[in-house]
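Working notes, structure below.
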Amino acid sequence: MKSQFDAILEQYPTFNEKEVQLNIAELLKQKSAGNQTAAVYKTILSLIDLTSLNTNDTEEGIQAFTTKVNDFEEAYPELENVAAICVYPSMVKTVREVLTVGVDIAAVTGGFPHSQTFMEVKIAETSLAVLDGASEIDIVFPVGKLLEEKYDDIVDEIREIKSACREARLKVILESGLLSMKQLRIASILAMTAGADFIKTSTGKLQPAATLEAAWCMCKMIAEYNRINDRKVGFKAAGGIRTTEEAVNYYCVVESLLGKEWLNKELFRFGASSLANNVLSDITGEKVKFF
């Protein structure tokens, strides 16, 4: 049975993995060296969703984690703080009670990291996280439904969760490492059509996680979506991005496909834990373990 979204999908270009790899090689050749600068490193630091999503997270640990973000502006007054703190929904209230600086609070909801739970649970978890103070919600795309080509169900699900977000931004994690390039293209289009404010590579809980190939595909679809619908959707790279050099490569992809207007925290994020210290070390020229 044809989906009502088949006609929408046909508006977007297709490409194969070899084409993507060639495009990445060319854009890195053109932009990588020029983006190895302190100014770009500072921008990358300001795009990070500082993340703690561990089984052994405690309230005390998250309080200390948040205090570090509070203290950053006094320790490094010349630098812009990270974009957000990303935690499990049960820890949102803890972050809100401790946080004193203007960064967002992001919560992973919707049955993270697999999305394999009841729709009622996904809605309730999202609503409760927003009620506790989350200004951003990260959910996992229903990959199982994509494999069954249940496109209508996917869009309906994401739209319902988007409604539960109220004013909070919705980031949809596509878990790109599980998908072929063709599937990733479709997932990107469906998530944006359903109202996602960002599309995100991966949870970081499965391997492979983020790749430049996935980033290129997703950014290409964002560009086409904006061309067709005149709505800017953000891109978030997450999962295994640890070094400044790796982050710069993703920066180059976003700059090449989406342009400089995407190079800000409203439209571009990194989900990371160790990346912040590594970027800070490269900015200051000395080994730093601040966060």
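In the structure tokens, chains take letters A, B, ... by order of appearance, with residues numbered from 1 within each chain and ligands from 1 in the order shown.
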task: Fewer than 3 positions away in the same chain doesn't count, so skip those; otherwise give me all residues within 12 Å of stretch 108-112 of chain A, counting only C-alpha atoms, as an NGL selection string.
output: :A and (49 or 51-54 or 85-92 or 105 or 115-130 or 134-142 or 157-158 or 160-162 or 164-165 or 169-175 or 202-206 or 271)
Write out as JSON lines a residue-level contact list of stretch 18-104 of chain A versus stretch 239-245 of chain A with cut-off 10 Å: for each qualifying residue the closest pair of atoms and the distance in Å to one decimal, counting only C-alpha atoms, rows sorted by chain and residue number upward.
```
{"residue": "A:Ser32", "atom": "CA", "partner": "A:Glu245", "partner_atom": "CA", "distance": 8.9}
{"residue": "A:Asn35", "atom": "CA", "partner": "A:Glu245", "partner_atom": "CA", "distance": 9.6}
{"residue": "A:Gln36", "atom": "CA", "partner": "A:Glu245", "partner_atom": "CA", "distance": 7.8}
{"residue": "A:Val40", "atom": "CA", "partner": "A:Thr244", "partner_atom": "CA", "distance": 9.9}
{"residue": "A:Tyr41", "atom": "CA", "partner": "A:Thr244", "partner_atom": "CA", "distance": 7.3}
{"residue": "A:Ile44", "atom": "CA", "partner": "A:Thr244", "partner_atom": "CA", "distance": 8.4}
{"residue": "A:Leu45", "atom": "CA", "partner": "A:Thr244", "partner_atom": "CA", "distance": 9.4}
```
- request: Considering only C-alpha atoms, return as a ChimeraX atom specification whatever protein or nucleic-acid residues lie within 10 Å of A:Glu213, sequence-local ones (same chain, fewer than 3 positions apart) excluded.
  value: /A:17-24,176,181,210,216-219,250,253
File of the preceding selection, N, CA and C atoms, as a PDB file, in the first residue's frame:
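The file below, again-v9.pdb, is the result:
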```
ATOM      1  N   GLU A  17      26.389   5.765  -1.706  1.00  0.00           N
ATOM      2  CA  GLU A  17      27.433   5.970  -0.708  1.00  0.00           C
ATOM      3  C   GLU A  17      28.745   6.440  -1.331  1.00  0.00           C
ATOM      4  N   LYS A  18      29.050   5.952  -2.528  1.00  0.00           N
ATOM      5  CA  LYS A  18      30.278   6.366  -3.196  1.00  0.00           C
ATOM      6  C   LYS A  18      30.248   7.858  -3.513  1.00  0.00           C
ATOM      7  N   GLU A  19      29.121   8.338  -4.009  1.00  0.00           N
ATOM      8  CA  GLU A  19      28.979   9.769  -4.285  1.00  0.00           C
ATOM      9  C   GLU A  19      29.186  10.586  -3.021  1.00  0.00           C
ATOM     10  N   VAL A  20      28.613  10.107  -1.919  1.00  0.00           N
ATOM     11  CA  VAL A  20      28.716  10.822  -0.647  1.00  0.00           C
ATOM     12  C   VAL A  20      30.171  10.896  -0.201  1.00  0.00           C
ATOM     13  N   GLN A  21      30.874   9.784  -0.277  1.00  0.00           N
ATOM     14  CA  GLN A  21      32.275   9.748   0.142  1.00  0.00           C
ATOM     15  C   GLN A  21      33.137  10.687  -0.692  1.00  0.00           C
ATOM     16  N   LEU A  22      32.884  10.735  -1.994  1.00  0.00           N
ATOM     17  CA  LEU A  22      33.630  11.642  -2.873  1.00  0.00           C
ATOM     18  C   LEU A  22      33.348  13.105  -2.530  1.00  0.00           C
ATOM     19  N   ASN A  23      32.092  13.413  -2.230  1.00  0.00           N
ATOM     20  CA  ASN A  23      31.724  14.769  -1.855  1.00  0.00           C
ATOM     21  C   ASN A  23      32.383  15.180  -0.544  1.00  0.00           C
ATOM     22  N   ILE A  24      32.428  14.260   0.411  1.00  0.00           N
ATOM     23  CA  ILE A  24      33.060  14.556   1.698  1.00  0.00           C
ATOM     24  C   ILE A  24      34.547  14.802   1.516  1.00  0.00           C
ATOM     25  N   SER A 176      21.646   6.558  12.958  1.00  0.00           N
ATOM     26  CA  SER A 176      22.095   6.417  11.568  1.00  0.00           C
ATOM     27  C   SER A 176      22.947   5.186  11.318  1.00  0.00           C
ATOM     28  N   MET A 181      22.020   4.189   3.507  1.00  0.00           N
ATOM     29  CA  MET A 181      21.917   5.577   3.049  1.00  0.00           C
ATOM     30  C   MET A 181      20.496   5.876   2.566  1.00  0.00           C
ATOM     31  N   ALA A 210      27.973   8.155  15.093  1.00  0.00           N
ATOM     32  CA  ALA A 210      28.008   9.218  14.071  1.00  0.00           C
ATOM     33  C   ALA A 210      29.089   8.944  13.038  1.00  0.00           C
ATOM     34  N   TRP A 216      26.576  14.049   6.091  1.00  0.00           N
ATOM     35  CA  TRP A 216      26.389  14.607   4.762  1.00  0.00           C
ATOM     36  C   TRP A 216      24.965  14.346   4.258  1.00  0.00           C
ATOM     37  N   CYS A 217      24.514  13.106   4.399  1.00  0.00           N
ATOM     38  CA  CYS A 217      23.164  12.746   3.949  1.00  0.00           C
ATOM     39  C   CYS A 217      22.106  13.575   4.657  1.00  0.00           C
ATOM     40  N   MET A 218      22.211  13.675   5.978  1.00  0.00           N
ATOM     41  CA  MET A 218      21.211  14.404   6.758  1.00  0.00           C
ATOM     42  C   MET A 218      21.229  15.894   6.441  1.00  0.00           C
ATOM     43  N   CYS A 219      22.418  16.471   6.315  1.00  0.00           N
ATOM     44  CA  CYS A 219      22.507  17.899   5.994  1.00  0.00           C
ATOM     45  C   CYS A 219      21.998  18.189   4.584  1.00  0.00           C
ATOM     46  N   TYR A 250      32.935  17.696  11.009  1.00  0.00           N
ATOM     47  CA  TYR A 250      31.476  17.852  10.967  1.00  0.00           C
ATOM     48  C   TYR A 250      31.108  19.316  10.717  1.00  0.00           C
ATOM     49  N   VAL A 253      31.239  19.935   7.063  1.00  0.00           N
ATOM     50  CA  VAL A 253      30.082  19.395   6.338  1.00  0.00           C
ATOM     51  C   VAL A 253      28.897  20.342   6.454  1.00  0.00           C
TER      52      VAL A 253
END
```
message: Under the rule that only C-alpha atoms are counted, which of A:Ser274, A:Gly133, A:Phe198, A:Thr284 is the nearest residue to A:Ala38?
response: A:Thr284
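When only C-alpha atoms are used to measure the gap to A:Lys29, the shortest distance among A:Asn249, A:His114, A:Val288, A:Phe65 belongs to A:Asn249.
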query: Could you state the separation of atom CA of A:Gly259 and atom CA of A:Leu275 in Å, given to one decimal place?
result: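 That distance, rounded to one decimal, is 23.2 Å.
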- request: Once DSSP has gone over the backbone, tell me which residues of stretch 3-112 of chain A are in strand (DSSP E), as a ChimeraX atom specification.
  value: /A:48-52,84-87,104-108
Export C-alpha atoms of the chosen residues as a CSV table (one decimal), in the first residue's frame?
```csv
chain,number,residue,atom,x,y,z
A,48,ILE,CA,28.1,21.2,22.6
A,49,ASP,CA,25.2,19.6,24.5
A,50,LEU,CA,27.3,18.5,27.5
A,51,THR,CA,25.9,15.0,28.2
A,52,SER,CA,25.6,12.6,31.1
A,84,ALA,CA,22.9,22.7,26.8
A,85,ILE,CA,23.1,20.0,29.5
A,86,CYS,CA,21.6,16.7,28.3
A,87,VAL,CA,20.4,14.2,30.9
A,104,ASP,CA,19.3,24.8,27.8
A,105,ILE,CA,18.2,21.7,29.6
A,106,ALA,CA,17.8,18.7,27.2
A,107,ALA,CA,16.2,15.5,28.2
A,108,VAL,CA,16.2,12.1,26.4
```
- request: For each of A:Ile62, A:Leu280, A:Ala25, A:Ile8, take the minimum atom-to-atom distance to A:Ser256, counting only C-alpha atoms, then give the residue where this is smallest.
  value: A:Ala25
statement: Residue with the minimum atom-to-atom distance to A:Ile222, picked from A:Leu79, A:Ile186, A:Ala64, A:Ala168 with only C-alpha atoms counted, is A:Ile186
- request: Between A:Thr211, A:Ser273, A:Thr201, A:Thr94, single out the one closest to A:Gln63, counting only C-alpha atoms.
  value: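 The closest residue to A:Gln63 is A:Thr94.
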- request: Would you return as a PyMOL selection string the members of stretch 41-118 of chain A that DSSP assigns to alpha helix (DSSP H) on this structure's backbone?
  value: chain A and resi 41-46+59-75+92-98
- prompt: Any idea what's packed within 8 Å of A:Ala191, counting only C-alpha atoms, ignoring anything in its chain fewer than 2 positions away? Could you give it as a ChimeraX atom specification?
  reply: /A:141,155,158,172,187-189,193-196,199
message: Can you tell me which residues surround A:Glu73 at a distance of at most 12 Å, considering only C-alpha atoms, apart from same-chain residues fewer than 5 positions away, and format the answer as a list in words?
response: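 Once the nearby chain positions are removed, what remains is Ser46, Thr67, Lys68, Glu78, Leu79, Glu80, Asn81, Val82, Thr100, Val101, Gly102, Val103 and Phe290 of chain A.
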- request: Name all residues at most 10 Å from A:Thr37 (count only C-alpha atoms; drop same-chain ones fewer than 5 positions away) and give them as a ChimeraX atom specification.
  value: /A:32,42,248,282-283
- prompt: Neighbours of A:Leu99 within 8 Å (only C-alpha atoms; same-chain residues fewer than 5 positions away dropped), as JSON, numbers by chain?
  reply: {"A": [66, 67, 69, 70]}
